[in-house]
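Colleague: File name structure-v1.tsv; file contents TSV, C-alpha atoms; full text below.
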chain	number	residue	atom	x	y	z
A	211	MET	CA	156.04	106.15	110.28
A	212	GLN	CA	154.75	103.45	112.54
A	213	ASN	CA	154.85	104.30	116.19
A	214	SER	CA	153.63	101.57	118.47
A	215	LEU	CA	153.19	104.03	121.34
A	216	ASN	CA	150.47	105.91	119.50
A	217	GLU	CA	148.47	102.83	118.67
A	218	VAL	CA	144.85	103.05	119.72
A	219	TYR	CA	141.63	101.27	118.88
A	220	LEU	CA	139.65	102.57	115.94
A	221	SER	CA	136.61	102.93	118.21
A	222	GLU	CA	138.38	105.66	120.20
A	223	ILE	CA	138.99	107.99	117.25
A	224	PRO	CA	136.66	111.01	117.00
A	225	SER	CA	134.75	111.96	113.81
A	226	GLY	CA	136.66	113.65	111.02
A	227	LYS	CA	140.08	112.16	111.82
A	228	ASN	CA	142.23	110.15	109.42
A	229	VAL	CA	144.06	107.10	110.70
A	230	ILE	CA	146.05	104.18	109.34
A	231	ILE	CA	145.44	100.58	110.34
A	232	SER	CA	148.44	99.05	112.09
A	233	ALA	CA	147.08	95.65	113.03
A	234	LEU	CA	143.97	93.58	113.54
A	235	HIS	CA	143.27	92.02	116.90
A	236	GLU	CA	143.29	88.23	117.21
A	237	GLY	CA	140.13	86.48	116.09
A	238	ASN	CA	140.20	84.74	112.74
A	239	GLU	CA	136.53	84.82	111.90
A	240	LEU	CA	136.17	88.59	112.23
A	241	ASN	CA	139.57	89.21	110.64
A	242	ARG	CA	138.63	87.32	107.51
A	243	ARG	CA	135.51	89.43	107.19
A	244	LEU	CA	137.32	92.70	107.89
A	245	THR	CA	140.22	91.99	105.53
A	246	SER	CA	137.89	91.09	102.68
A	247	LEU	CA	136.07	94.38	103.27
A	248	GLY	CA	139.38	96.20	102.85
A	249	PHE	CA	140.60	96.63	106.42
A	250	THR	CA	144.19	95.53	105.90
A	251	PRO	CA	147.25	96.89	107.79
A	252	GLY	CA	148.62	100.04	106.16
A	253	THR	CA	145.24	101.14	104.83
A	254	GLY	CA	143.97	104.66	105.53
A	255	VAL	CA	140.63	105.04	107.28
A	256	GLU	CA	138.56	108.20	107.63
A	257	ILE	CA	136.20	108.37	110.60
A	258	VAL	CA	132.98	109.81	109.21
A	259	GLN	CA	130.89	109.54	112.31
A	260	ASN	CA	131.63	108.46	115.87
A	261	PHE	CA	129.37	109.64	118.67
A	262	GLY	CA	131.31	107.77	121.34
A	263	HIS	CA	128.63	105.14	121.69
A	264	GLY	CA	126.77	102.82	119.34
A	265	PRO	CA	127.89	101.99	115.81
A	266	MET	CA	130.21	104.25	113.81
A	267	ILE	CA	130.70	105.05	110.14
A	268	VAL	CA	134.11	104.96	108.47
A	269	THR	CA	135.37	105.33	104.92
A	270	VAL	CA	137.82	102.68	103.78
A	271	ARG	CA	139.05	102.34	100.18
A	272	GLY	CA	136.42	104.80	98.99
A	273	MET	CA	133.53	102.89	100.53
A	274	LYS	CA	131.50	103.88	103.57
A	275	ILE	CA	131.10	101.11	106.10
A	276	ALA	CA	129.07	101.03	109.31
A	277	LEU	CA	131.03	99.24	112.01
A	278	GLY	CA	129.78	97.95	115.34
A	279	ARG	CA	131.70	99.30	118.34
A	280	GLY	CA	132.90	95.81	119.22
A	281	GLU	CA	134.31	95.37	115.73
A	282	ALA	CA	135.99	98.77	115.73
A	283	ALA	CA	137.56	97.88	119.08
A	284	LYS	CA	139.45	95.02	117.40
A	285	ILE	CA	141.27	97.26	114.91
A	286	PHE	CA	144.52	98.95	115.98
A	287	VAL	CA	145.23	102.27	114.30
A	288	TYR	CA	147.65	105.18	114.47
A	289	GLU	CA	147.15	108.74	113.39
A	290	ASP	CA	147.84	109.66	109.78
A	291	GLU	CA	150.12	112.67	110.11
A	292	LYS	CA	150.02	113.57	106.43
A	293	LYS	CA	146.36	114.53	106.64
B	96	MET	CA	108.11	71.55	99.59
B	97	SER	CA	108.62	73.94	96.71
B	98	ASP	CA	107.82	71.25	94.13
B	99	CYS	CA	104.19	72.24	93.84
B	100	HIS	CA	105.19	75.81	93.04
B	101	SER	CA	108.02	75.05	90.69
B	102	SER	CA	106.45	72.31	88.59
B	103	SER	CA	104.99	74.75	86.10
B	104	THR	CA	108.11	76.87	85.73
B	105	ALA	CA	110.46	73.88	85.78
B	106	GLU	CA	109.21	72.91	82.33
B	107	VAL	CA	110.10	76.35	81.02
B	108	ILE	CA	113.64	76.32	82.45
B	109	ARG	CA	115.28	73.69	80.31
B	110	THR	CA	118.85	72.52	80.59
B	111	GLN	CA	118.82	70.69	77.26
B	112	ASP	CA	117.80	72.01	73.88
B	113	ALA	CA	115.46	70.28	71.39
B	114	LYS	CA	118.28	68.14	70.01
B	115	GLY	CA	119.29	66.99	73.48
B	116	HIS	CA	122.45	69.10	73.63
B	117	LYS	CA	123.32	70.64	76.95
B	118	ILE	CA	122.46	74.35	77.08
B	119	PRO	CA	125.57	76.39	77.95
B	120	VAL	CA	125.53	77.65	81.54
B	121	ILE	CA	126.43	81.25	82.32
B	122	ALA	CA	126.93	82.20	85.97
B	123	LEU	CA	126.60	85.77	87.22
B	124	ALA	CA	128.94	86.61	90.09
B	125	GLY	CA	129.38	89.90	91.89
B	126	GLN	CA	129.38	91.67	95.20
B	127	PRO	CA	126.10	92.92	96.67
B	128	ASN	CA	124.72	96.09	95.04
B	129	MET	CA	126.72	95.84	91.82
B	130	GLY	CA	123.63	95.55	89.65
B	131	LYS	CA	123.86	91.80	89.23
B	132	SER	CA	120.13	91.22	89.68
B	133	THR	CA	119.26	94.08	87.32
B	134	LEU	CA	121.31	92.36	84.64
B	135	PHE	CA	119.75	89.00	85.49
B	136	ASN	CA	116.19	90.33	85.22
B	137	LEU	CA	117.04	92.17	82.02
B	138	LEU	CA	118.28	88.98	80.37
B	139	THR	CA	115.77	86.44	81.61
B	140	GLY	CA	112.66	88.63	81.91
B	141	LEU	CA	109.83	86.54	83.32
B	142	ASN	CA	111.44	83.30	82.23
B	143	GLN	CA	113.08	82.60	85.57
B	144	HIS	CA	112.88	80.12	88.38
B	145	VAL	CA	113.26	81.14	92.01
B	146	GLY	CA	114.04	78.57	94.67
B	147	ASN	CA	116.58	77.84	97.37
B	148	TRP	CA	120.06	76.48	97.08
B	149	PRO	CA	119.91	72.86	98.33
B	150	GLY	CA	119.95	72.84	102.12
B	151	LYS	CA	120.50	76.59	102.47
B	152	THR	CA	118.15	79.46	103.14
B	153	VAL	CA	119.77	81.42	100.32
B	154	GLU	CA	117.72	82.29	97.28
B	155	GLN	CA	118.64	80.64	94.00
B	156	ARG	CA	117.55	82.24	90.76
B	157	SER	CA	118.08	80.84	87.32
B	158	GLY	CA	116.53	81.33	83.94
B	159	ASN	CA	116.98	80.88	80.21
B	160	PHE	CA	117.39	83.38	77.42
B	161	SER	CA	118.21	83.33	73.75
B	162	PHE	CA	120.87	85.33	72.00
B	163	ASN	CA	121.86	85.06	68.33
B	164	GLU	CA	119.62	82.00	67.98
B	165	ARG	CA	121.37	80.17	70.78
B	166	GLU	CA	119.79	79.35	74.12
B	167	TYR	CA	121.63	79.92	77.40
B	168	HIS	CA	120.98	78.97	80.99
B	169	LEU	CA	121.75	81.83	83.35
B	170	VAL	CA	122.41	81.29	87.08
B	171	ASP	CA	122.42	84.26	89.44
B	172	LEU	CA	124.99	83.45	92.13
B	173	PRO	CA	124.45	85.08	95.54
B	174	GLY	CA	126.14	88.43	96.12
B	175	THR	CA	129.46	87.91	97.92
B	176	TYR	CA	132.33	90.15	98.96
B	177	SER	CA	134.94	87.40	98.73
B	178	LEU	CA	135.21	83.65	98.22
B	179	THR	CA	136.49	82.72	101.65
B	180	ALA	CA	133.98	80.70	103.67
B	181	ASN	CA	132.64	83.58	105.78
B	182	SER	CA	129.00	83.01	104.90
B	183	PRO	CA	126.75	80.44	103.19
B	184	GLU	CA	126.61	82.72	100.12
B	185	GLU	CA	130.36	82.54	99.68
B	186	VAL	CA	130.44	78.76	100.01
B	187	ILE	CA	127.57	78.39	97.50
B	188	THR	CA	129.28	80.63	94.95
B	189	ARG	CA	132.61	78.84	94.93
B	190	GLU	CA	131.09	75.36	95.20
B	191	PHE	CA	128.93	76.11	92.18
B	192	ILE	CA	131.90	77.29	90.13
B	193	LEU	CA	134.10	74.35	91.16
B	194	THR	CA	131.63	71.49	90.95
B	195	GLU	CA	128.96	72.59	88.47
B	196	LYS	CA	131.60	74.06	86.13
B	197	PRO	CA	129.62	76.78	84.36
B	198	ASP	CA	130.78	77.46	80.78
B	199	ILE	CA	131.56	81.02	81.74
B	200	VAL	CA	131.36	83.35	84.72
B	201	ILE	CA	130.30	86.95	84.14
B	202	ALA	CA	131.89	88.95	86.95
B	203	VAL	CA	129.83	92.08	87.56
B	204	VAL	CA	131.89	94.98	88.95
B	205	SER	CA	130.95	98.60	89.55
B	206	ALA	CA	132.81	101.36	87.73
B	207	ALA	CA	131.73	103.70	90.53
B	208	ASN	CA	133.59	101.59	93.07
B	209	LEU	CA	136.15	99.57	91.23
B	210	GLU	CA	138.59	99.12	94.11
B	211	ARG	CA	136.06	97.38	96.29
B	212	SER	CA	134.39	95.34	93.58
B	213	LEU	CA	137.61	93.95	92.13
B	214	TYR	CA	138.23	92.04	95.36
B	215	LEU	CA	135.88	89.27	94.27
B	216	VAL	CA	137.55	89.23	90.85
B	217	SER	CA	140.93	88.82	92.54
B	218	GLU	CA	139.56	85.58	94.00
B	219	LEU	CA	137.69	84.44	90.88
B	220	VAL	CA	140.84	84.57	88.73
B	221	CYS	CA	142.32	81.79	90.88
B	222	LEU	CA	139.51	79.38	89.92
B	223	PRO	CA	139.61	77.26	86.75
B	224	VAL	CA	136.78	78.97	84.85
B	225	PRO	CA	136.59	81.40	81.90
B	226	ILE	CA	135.65	84.93	83.04
B	227	VAL	CA	134.21	87.96	81.30
B	228	VAL	CA	134.09	91.15	83.34
B	229	ALA	CA	130.96	93.31	83.09
B	230	LEU	CA	131.99	96.82	84.07
B	231	ASN	CA	128.61	98.04	85.28
B	232	MET	CA	127.27	101.40	86.51
B	233	MET	CA	129.16	103.41	83.93
B	234	ASP	CA	126.44	106.08	84.23
B	235	VAL	CA	126.79	106.38	88.02
B	236	ALA	CA	130.56	106.63	87.68
B	237	ARG	CA	130.23	109.37	85.06
B	238	GLN	CA	127.85	111.33	87.31
B	239	GLU	CA	130.42	111.18	90.08
B	240	GLY	CA	133.12	112.31	87.69
B	241	ILE	CA	134.93	108.99	87.75
B	242	ALA	CA	136.34	107.84	84.41
B	243	VAL	CA	137.17	104.15	84.01
B	244	ASP	CA	139.12	102.92	81.00
B	245	ALA	CA	137.63	99.52	80.13
B	246	GLN	CA	140.39	98.69	77.64
B	247	GLU	CA	143.11	99.46	80.14
B	248	LEU	CA	141.29	97.34	82.74
B	249	SER	CA	141.09	94.49	80.26
B	250	GLN	CA	144.85	94.68	79.70
B	251	ALA	CA	145.60	94.91	83.41
B	252	LEU	CA	143.48	91.85	84.20
B	253	ASN	CA	144.22	90.03	80.95
B	254	LEU	CA	140.49	89.31	80.74
B	255	PRO	CA	137.75	90.57	78.42
B	256	VAL	CA	136.05	93.64	79.94
B	257	ILE	CA	132.80	95.09	78.58
B	258	ALA	CA	131.44	98.42	79.86
B	259	ILE	CA	127.70	98.28	80.49
B	260	THR	CA	124.90	100.23	82.17
B	261	ALA	CA	122.46	97.50	83.19
B	262	THR	CA	119.71	99.89	84.30
B	263	LYS	CA	119.55	101.36	80.78
B	264	ALA	CA	120.40	98.10	79.02
B	265	LEU	CA	123.48	99.71	77.45
B	266	GLY	CA	126.36	97.51	76.33
B	267	VAL	CA	124.52	94.29	77.19
B	268	ARG	CA	124.58	93.06	73.58
B	269	ASP	CA	128.35	93.51	73.48
B	270	LEU	CA	128.63	91.62	76.75
B	271	LEU	CA	126.62	88.67	75.45
B	272	GLN	CA	128.52	88.73	72.16
B	273	LYS	CA	131.78	88.43	74.07
B	274	ALA	CA	130.39	85.71	76.36
B	275	GLN	CA	129.20	83.78	73.31
B	276	GLU	CA	132.63	84.06	71.68
B	277	VAL	CA	134.33	82.72	74.80
B	278	ILE	CA	131.83	79.85	75.16
B	279	GLU	CA	132.05	78.82	71.51
B	280	HIS	CA	135.80	79.19	71.14
B	281	PRO	CA	137.22	78.36	74.53
B	282	THR	CA	140.89	79.24	74.58
B	283	ILE	CA	143.05	78.89	77.61
B	284	VAL	CA	143.57	82.37	78.98
B	285	HIS	CA	145.75	83.13	81.94
B	286	PRO	CA	144.32	86.11	83.76
B	287	ASN	CA	146.74	88.12	85.81
B	288	VAL	CA	146.58	86.94	89.39
B	289	PRO	CA	147.62	88.73	92.59
B	290	GLU	CA	151.23	88.16	93.51
B	291	ILE	CA	151.46	86.94	97.08
B	292	ARG	CA	154.27	87.83	99.50
B	293	LYS	CA	157.25	85.54	98.92
B	294	ASP	CA	157.31	83.67	102.24
B	295	VAL	CA	153.55	83.03	102.15
B	296	ALA	CA	153.73	81.98	98.48
B	297	ASP	CA	156.45	79.47	99.39
B	298	ALA	CA	154.32	78.12	102.22
B	299	ILE	CA	151.41	77.73	99.80
B	300	ASP	CA	153.61	75.75	97.39
B	301	LEU	CA	154.80	73.54	100.21
B	302	VAL	CA	151.26	72.84	101.44
B	303	GLU	CA	150.13	72.23	97.87
B	304	GLN	CA	152.73	69.48	97.40
B	305	LYS	CA	151.67	67.81	100.61
B	306	ILE	CA	147.93	67.86	100.00
B	307	ALA	CA	147.92	67.44	96.20
B	308	GLN	CA	146.67	63.85	96.14
B	309	TYR	CA	144.13	64.29	98.93
B	310	VAL	CA	142.16	67.34	97.85
B	311	PRO	CA	138.42	66.82	97.30
B	312	GLN	CA	137.34	66.20	93.72
B	313	ASP	CA	137.09	69.31	91.51
B	314	HIS	CA	139.17	71.39	93.93
B	315	PRO	CA	142.48	72.60	92.44
B	316	ALA	CA	145.33	71.79	94.85
B	317	ASP	CA	146.95	75.24	94.64
B	318	TRP	CA	143.63	76.90	95.41
B	319	ALA	CA	142.97	74.55	98.35
B	320	ALA	CA	146.45	75.30	99.71
B	321	LEU	CA	145.82	79.04	99.42
B	322	LYS	CA	142.51	78.68	101.27
B	323	LEU	CA	144.15	76.60	104.01
B	324	LEU	CA	146.64	79.40	104.63
B	325	GLU	CA	143.81	81.89	104.70
B	326	GLY	CA	142.32	79.82	107.52
B	327	ASP	CA	139.25	78.87	105.52
B	328	VAL	CA	137.01	76.89	107.88
B	329	GLU	CA	135.33	74.76	105.25
B	330	ILE	CA	138.41	73.66	103.34
B	331	THR	CA	140.24	73.00	106.61
B	332	LYS	CA	137.41	70.74	107.72
B	333	LYS	CA	137.25	68.90	104.39
B	334	LEU	CA	140.98	68.24	104.34
B	335	LYS	CA	141.10	67.21	107.98
B	336	ALA	CA	138.79	64.38	107.03
B	337	SER	CA	140.85	63.18	104.09
B	338	LEU	CA	144.50	63.80	105.05
B	339	PRO	CA	146.52	61.00	106.65
B	340	PRO	CA	147.52	61.95	110.24
B	341	GLU	CA	151.24	62.49	109.58
B	342	ILE	CA	150.61	64.80	106.63
B	343	GLU	CA	147.95	66.68	108.55
B	344	LYS	CA	150.47	67.21	111.34
B	345	SER	CA	153.11	68.69	109.05
B	346	VAL	CA	150.53	70.87	107.29
B	347	SER	CA	149.24	72.23	110.62
B	348	GLU	CA	152.87	72.98	111.51
B	349	ILE	CA	153.25	75.12	108.35
B	350	LEU	CA	149.94	76.85	109.05
B	351	ARG	CA	151.04	77.67	112.60
B	352	GLU	CA	154.29	79.19	111.37
B	353	ASN	CA	152.34	81.38	108.93
B	354	ASP	CA	149.53	82.59	111.13
B	355	ASP	CA	149.64	86.06	109.54
B	356	ALA	CA	149.09	84.55	106.07
B	357	MET	CA	145.43	85.56	105.96
B	358	VAL	CA	146.22	89.24	106.35
B	359	ALA	CA	149.19	88.94	103.96
B	360	VAL	CA	147.05	87.34	101.26
B	361	ALA	CA	144.28	89.95	101.58
B	362	SER	CA	146.90	92.73	101.49
B	363	SER	CA	148.49	91.34	98.35
B	364	ARG	CA	145.09	91.18	96.69
B	365	TYR	CA	144.42	94.81	97.57
B	366	ASN	CA	147.90	95.82	96.38
B	367	TRP	CA	147.19	94.08	93.09
B	368	ILE	CA	143.85	95.90	92.89
B	369	GLY	CA	145.49	99.22	93.82
B	370	ASP	CA	147.92	98.93	90.90
B	371	ILE	CA	145.08	98.13	88.50
B	372	VAL	CA	142.88	100.97	89.76
B	373	ARG	CA	145.74	103.45	89.40
B	374	ARG	CA	146.15	102.34	85.80
B	375	CYS	CA	142.56	102.70	84.66
B	376	VAL	CA	140.58	105.02	86.95
B	377	LYS	CA	140.58	108.81	86.92
B	378	LYS	CA	138.96	110.24	90.02
B	379	PRO	CA	137.67	113.74	90.61
B	380	LYS	CA	139.46	115.97	93.06
B	381	MET	CA	138.47	115.25	96.61
B	382	GLY	CA	136.57	117.60	98.89
B	383	GLN	CA	133.23	117.88	97.18
B	384	ILE	CA	130.35	116.71	99.34
B	385	SER	CA	127.53	114.91	97.57
B	386	ILE	CA	123.84	115.24	98.42
B	387	THR	CA	123.77	111.65	99.68
B	388	GLU	CA	126.53	112.53	102.09
B	389	ARG	CA	124.61	115.54	103.39
B	390	ILE	CA	121.48	113.44	103.92
B	391	ASP	CA	123.54	110.67	105.54
B	392	ARG	CA	124.99	113.10	108.01
B	393	ILE	CA	121.55	113.97	109.38
B	394	ALA	CA	119.79	110.65	108.84
B	395	THR	CA	122.42	108.64	110.73
B	396	HIS	CA	122.55	111.06	113.65
B	397	PRO	CA	121.46	109.31	116.89
B	398	VAL	CA	118.86	112.01	117.69
B	399	TRP	CA	117.86	113.59	114.33
B	400	GLY	CA	117.85	110.16	112.71
B	401	LEU	CA	115.09	109.03	115.08
B	402	PHE	CA	113.04	112.15	114.34
B	403	ILE	CA	113.36	111.52	110.60
B	404	LEU	CA	112.33	107.88	111.08
B	405	ALA	CA	109.31	108.95	113.15
B	406	GLY	CA	108.45	111.60	110.56
B	407	ILE	CA	108.52	109.18	107.63
B	408	LEU	CA	106.49	106.54	109.48
B	409	GLY	CA	104.02	109.26	110.54
B	410	LEU	CA	103.63	110.47	106.96
B	411	VAL	CA	103.02	106.95	105.66
B	412	PHE	CA	100.46	106.38	108.39
B	413	LEU	CA	98.70	109.69	107.70
B	414	ALA	CA	98.60	109.09	103.97
B	415	ASP	CA	97.16	105.64	104.47
B	416	PHE	CA	94.66	106.86	107.07
B	417	TYR	CA	93.54	109.75	104.87
B	418	HIS	CA	93.13	107.41	101.91
B	419	TRP	CA	90.93	105.11	104.00
B	420	LEU	CA	88.83	108.02	105.29
B	421	THR	CA	88.08	109.35	101.80
B	422	ARG	CA	87.38	105.88	100.42
B	423	SER	CA	84.98	105.00	103.22
B	424	GLY	CA	82.97	108.12	102.58
B	425	LEU	CA	83.25	109.40	106.13
B	426	VAL	CA	84.82	112.65	104.90
B	427	GLY	CA	84.98	114.47	101.58
Do you think you could lay out the structure here as structure tokens?
Modeller:
Amino acid sequence: MQNSLNEVYLSEIPSGKNVIISALHEGNELNRRLTSLGFTPGTGVEIVQNFGHGPMIVTVRGMKIALGRGEAAKIFVYEDEKK
Amino acid sequence: MSDCHSSSTAEVIRTQDAKGHKIPVIALAGQPNMGKSTLFNLLTGLNQHVGNWPGKTVEQRSGNFSFNEREYHLVDLPGTYSLTANSPEEVITREFILTEKPDIVIAVVSAANLERSLYLVSELVCLPVPIVVALNMMDVARQEGIAVDAQELSQALNLPVIAITATKALGVRDLLQKAQEVIEHPTIVHPNVPEIRKDVADAIDLVEQKIAQYVPQDHPADWAALKLLEGDVEITKKLKASLPPEIEKSVSEILRENDDAMVAVASSRYNWIGDIVRRCVKKPKMGQISITERIDRIATHPVWGLFILAGILGLVFLADFYHWLTRSGLVG
């Protein structure tokens, strides 16, 4: 269930939570990179590590990826209620 | 600049055999960390040439090897996640395949992470080149409890798939045997390709018709149209230079109307991959935490990570210092 009210940036999600990508922020160059790494709308993401500052680690499609904060702040997500 | 270094090896790396026939070219393609270089080193041994791709600061490695009394020229393409012009590596890989036309591409994928590594394959199948898939890291997958069915994968992709473990040189003979078969008896195979969302697919067809006679040499029109909709910088630039103004205008119009095409195309590729992975991969039940994960948790911590870094550097320094002290005869 997509709920636009609950949409937040991936960078704001604390460690251990599961979210689903709803959209990618404008910016073609970064989007091309992110989509080819597996960050496509509808994909589940697990936040492995987020200390609230500096880079974070997420699991997407079974692969761990370190994301810069700026990059994570361009990905819209909503909470995965099934998990 | 590199001429003085390469002159001796250049004689070893031949592109023609004794009778003057062209030596078949095999290209190795794969994402980073799929074991591509392990396979390359295994096949070529010391008979390899290292240089740079023309005009790029990306390493180019090639070498020759013999198999069943035939000689082959092997080119190690740079590791790339996709074939959209995000980086010089990606441009080099696709340019090589399109313009140099290798006799075959060996796509190296990891059985331990099939979902991720098939993304490059989902792009390779759209290029006009024969492909054999090397399903590598079978040992790593087995250790992690992941079972991959190579035959099922072959059916799903409609491509030959050979399971190998490059680090232990397992399955490599079978891989070369298959590659040799494909090179010597080239038949037109149609690999399964990702099905793209209807409206985007229609837009691609429309763009293809418009640009068909203007695409750069060696570039298939349908592929160029797909890349245009993905917003590929390089192809867009190339076509801007060759398209007549009125056609360029109508193409830009289509691209503007489909500005979500890039995400749609990537999603359809991952859907295609998802279906394939479901068919041929059996995963262990979730929840078990591996040792790597435990180490990661501490080593990537903002505070403990620094302590570990300092500790390792300190140990290296101490070991080196101690070694120097004993060697110099000041102690011991």
Colleague: Between A:Gly237, A:Leu244, A:Val270, A:Glu256, single out the one closest to Glu289 (chain A), counting all atoms listed in the file.
Modeller: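 For Glu289 (chain A), the nearest of the given residues is A:Glu256.
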Colleague: What is the distance between CA of Tyr219 (chain A) and CA of Ser217 (chain B), in Å to one decimal?
Modeller: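 Answer for the CA of Tyr219 (chain A) to CA of Ser217 (chain B) separation: 29.1 Å.
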Colleague: Residues at most 12 Å from Ala122 (chain B), counting all atoms listed in the file, excluding those fewer than 2 positions away in the same chain, as an MDAnalysis selection string?
Modeller: chainID B and resid 119:120 124:125 131:132 134:135 155:159 167:174 188:189 191:193 195:203 224:228 274
Colleague: Any chance you can output those residues with C-alpha atoms as a compact mmCIF listing (two decimals), in the frame of the given file?
Modeller:
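Saved the output as result.txt:
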# COMPACT_ATOMS: atom_id res chain seq x y z
CA PRO B 119 125.57 76.39 77.95
CA VAL B 120 125.53 77.65 81.54
CA ALA B 124 128.94 86.61 90.09
CA GLY B 125 129.38 89.90 91.89
CA LYS B 131 123.86 91.80 89.23
CA SER B 132 120.13 91.22 89.68
CA LEU B 134 121.31 92.36 84.64
CA PHE B 135 119.75 89.00 85.49
CA GLN B 155 118.64 80.64 94.00
CA ARG B 156 117.55 82.24 90.76
CA SER B 157 118.08 80.84 87.32
CA GLY B 158 116.53 81.33 83.94
CA ASN B 159 116.98 80.88 80.21
CA TYR B 167 121.63 79.92 77.40
CA HIS B 168 120.98 78.97 80.99
CA LEU B 169 121.75 81.83 83.35
CA VAL B 170 122.41 81.29 87.08
CA ASP B 171 122.42 84.26 89.44
CA LEU B 172 124.99 83.45 92.13
CA PRO B 173 124.45 85.08 95.54
CA GLY B 174 126.14 88.43 96.12
CA THR B 188 129.28 80.63 94.95
CA ARG B 189 132.61 78.84 94.93
CA PHE B 191 128.93 76.11 92.18
CA ILE B 192 131.90 77.29 90.13
CA LEU B 193 134.10 74.35 91.16
CA GLU B 195 128.96 72.59 88.47
CA LYS B 196 131.60 74.06 86.13
CA PRO B 197 129.62 76.78 84.36
CA ASP B 198 130.78 77.46 80.78
CA ILE B 199 131.56 81.02 81.74
CA VAL B 200 131.36 83.35 84.72
CA ILE B 201 130.30 86.95 84.14
CA ALA B 202 131.89 88.95 86.95
CA VAL B 203 129.83 92.08 87.56
CA VAL B 224 136.78 78.97 84.85
CA PRO B 225 136.59 81.40 81.90
CA ILE B 226 135.65 84.93 83.04
CA VAL B 227 134.21 87.96 81.30
CA VAL B 228 134.09 91.15 83.34
CA ALA B 274 130.39 85.71 76.36
Colleague: Can you pull out the residues contacting Lys227 (chain A)? Cut-off 12 Å, using only C-alpha atoms, and skip same-chain residues under 5 positions away; I want them as a VMD selection string.
Modeller: chain A and resid 220 to 222 254 to 260 267 to 269 287 to 293
Colleague: Leaving out Thr395 (chain B) and any residue of its chain fewer than 2 positions from it, which residues lie within 12 Å of it when counting only C-alpha atoms, given as JSON, numbers by chain?
Modeller: {"A": [258, 259, 260, 261, 264, 265, 266, 267, 276], "B": [387, 388, 389, 390, 391, 392, 393, 397, 398, 399, 400, 401, 402, 403, 404]}
Colleague: So that I have them on file, write out the residues from the current selection with C-alpha atoms, as a PDB file, in the coordinates of the input.
Modeller:
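So the final result, stored in out.pdb, reads:
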ATOM      1  CA  VAL A 258     132.980 109.810 109.210  1.00  0.00           C
ATOM      2  CA  GLN A 259     130.890 109.540 112.310  1.00  0.00           C
ATOM      3  CA  ASN A 260     131.630 108.460 115.870  1.00  0.00           C
ATOM      4  CA  PHE A 261     129.370 109.640 118.670  1.00  0.00           C
ATOM      5  CA  GLY A 264     126.770 102.820 119.340  1.00  0.00           C
ATOM      6  CA  PRO A 265     127.890 101.990 115.810  1.00  0.00           C
ATOM      7  CA  MET A 266     130.210 104.250 113.810  1.00  0.00           C
ATOM      8  CA  ILE A 267     130.700 105.050 110.140  1.00  0.00           C
ATOM      9  CA  ALA A 276     129.070 101.030 109.310  1.00  0.00           C
TER      10      ALA A 276
ATOM     11  CA  THR B 387     123.770 111.650  99.680  1.00  0.00           C
ATOM     12  CA  GLU B 388     126.530 112.530 102.090  1.00  0.00           C
ATOM     13  CA  ARG B 389     124.610 115.540 103.390  1.00  0.00           C
ATOM     14  CA  ILE B 390     121.480 113.440 103.920  1.00  0.00           C
ATOM     15  CA  ASP B 391     123.540 110.670 105.540  1.00  0.00           C
ATOM     16  CA  ARG B 392     124.990 113.100 108.010  1.00  0.00           C
ATOM     17  CA  ILE B 393     121.550 113.970 109.380  1.00  0.00           C
ATOM     18  CA  PRO B 397     121.460 109.310 116.890  1.00  0.00           C
ATOM     19  CA  VAL B 398     118.860 112.010 117.690  1.00  0.00           C
ATOM     20  CA  TRP B 399     117.860 113.590 114.330  1.00  0.00           C
ATOM     21  CA  GLY B 400     117.850 110.160 112.710  1.00  0.00           C
ATOM     22  CA  LEU B 401     115.090 109.030 115.080  1.00  0.00           C
ATOM     23  CA  PHE B 402     113.040 112.150 114.340  1.00  0.00           C
ATOM     24  CA  ILE B 403     113.360 111.520 110.600  1.00  0.00           C
ATOM     25  CA  LEU B 404     112.330 107.880 111.080  1.00  0.00           C
TER      26      LEU B 404
END
Colleague: As a list in words, could you give me every residue of chain B near chain A (at most 9 Å apart, counting only C-alpha atoms)?
Modeller: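 My answer is Tyr176, Ser177, Thr179, Ala180, Asn181, Asn208, Glu210, Arg211, Tyr214, Leu215, Glu325, Gly326, Asp327, Val328, Met357, Val358, Ala359, Ala361, Ser362, Tyr365, Arg392, Thr395, His396 and Pro397 of chain B.
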Colleague: Kindly give the distance, in Å, that separates CA of Gln250 (chain B) and CA of Val284 (chain B), rounded to a single decimal.
Modeller: 12.4 Å
Colleague: Draw an axis-aligned box tight on the listed atoms of region 240-253 of chain B, then pad every side by 3 Å and write out centre and edge lengths in Å to one decimal as AutoDock Vina command-line options.
Modeller:
--center_x 139.4 --center_y 101.2 --center_z 82.7 --size_x 18.5 --size_y 28.3 --size_z 16.1
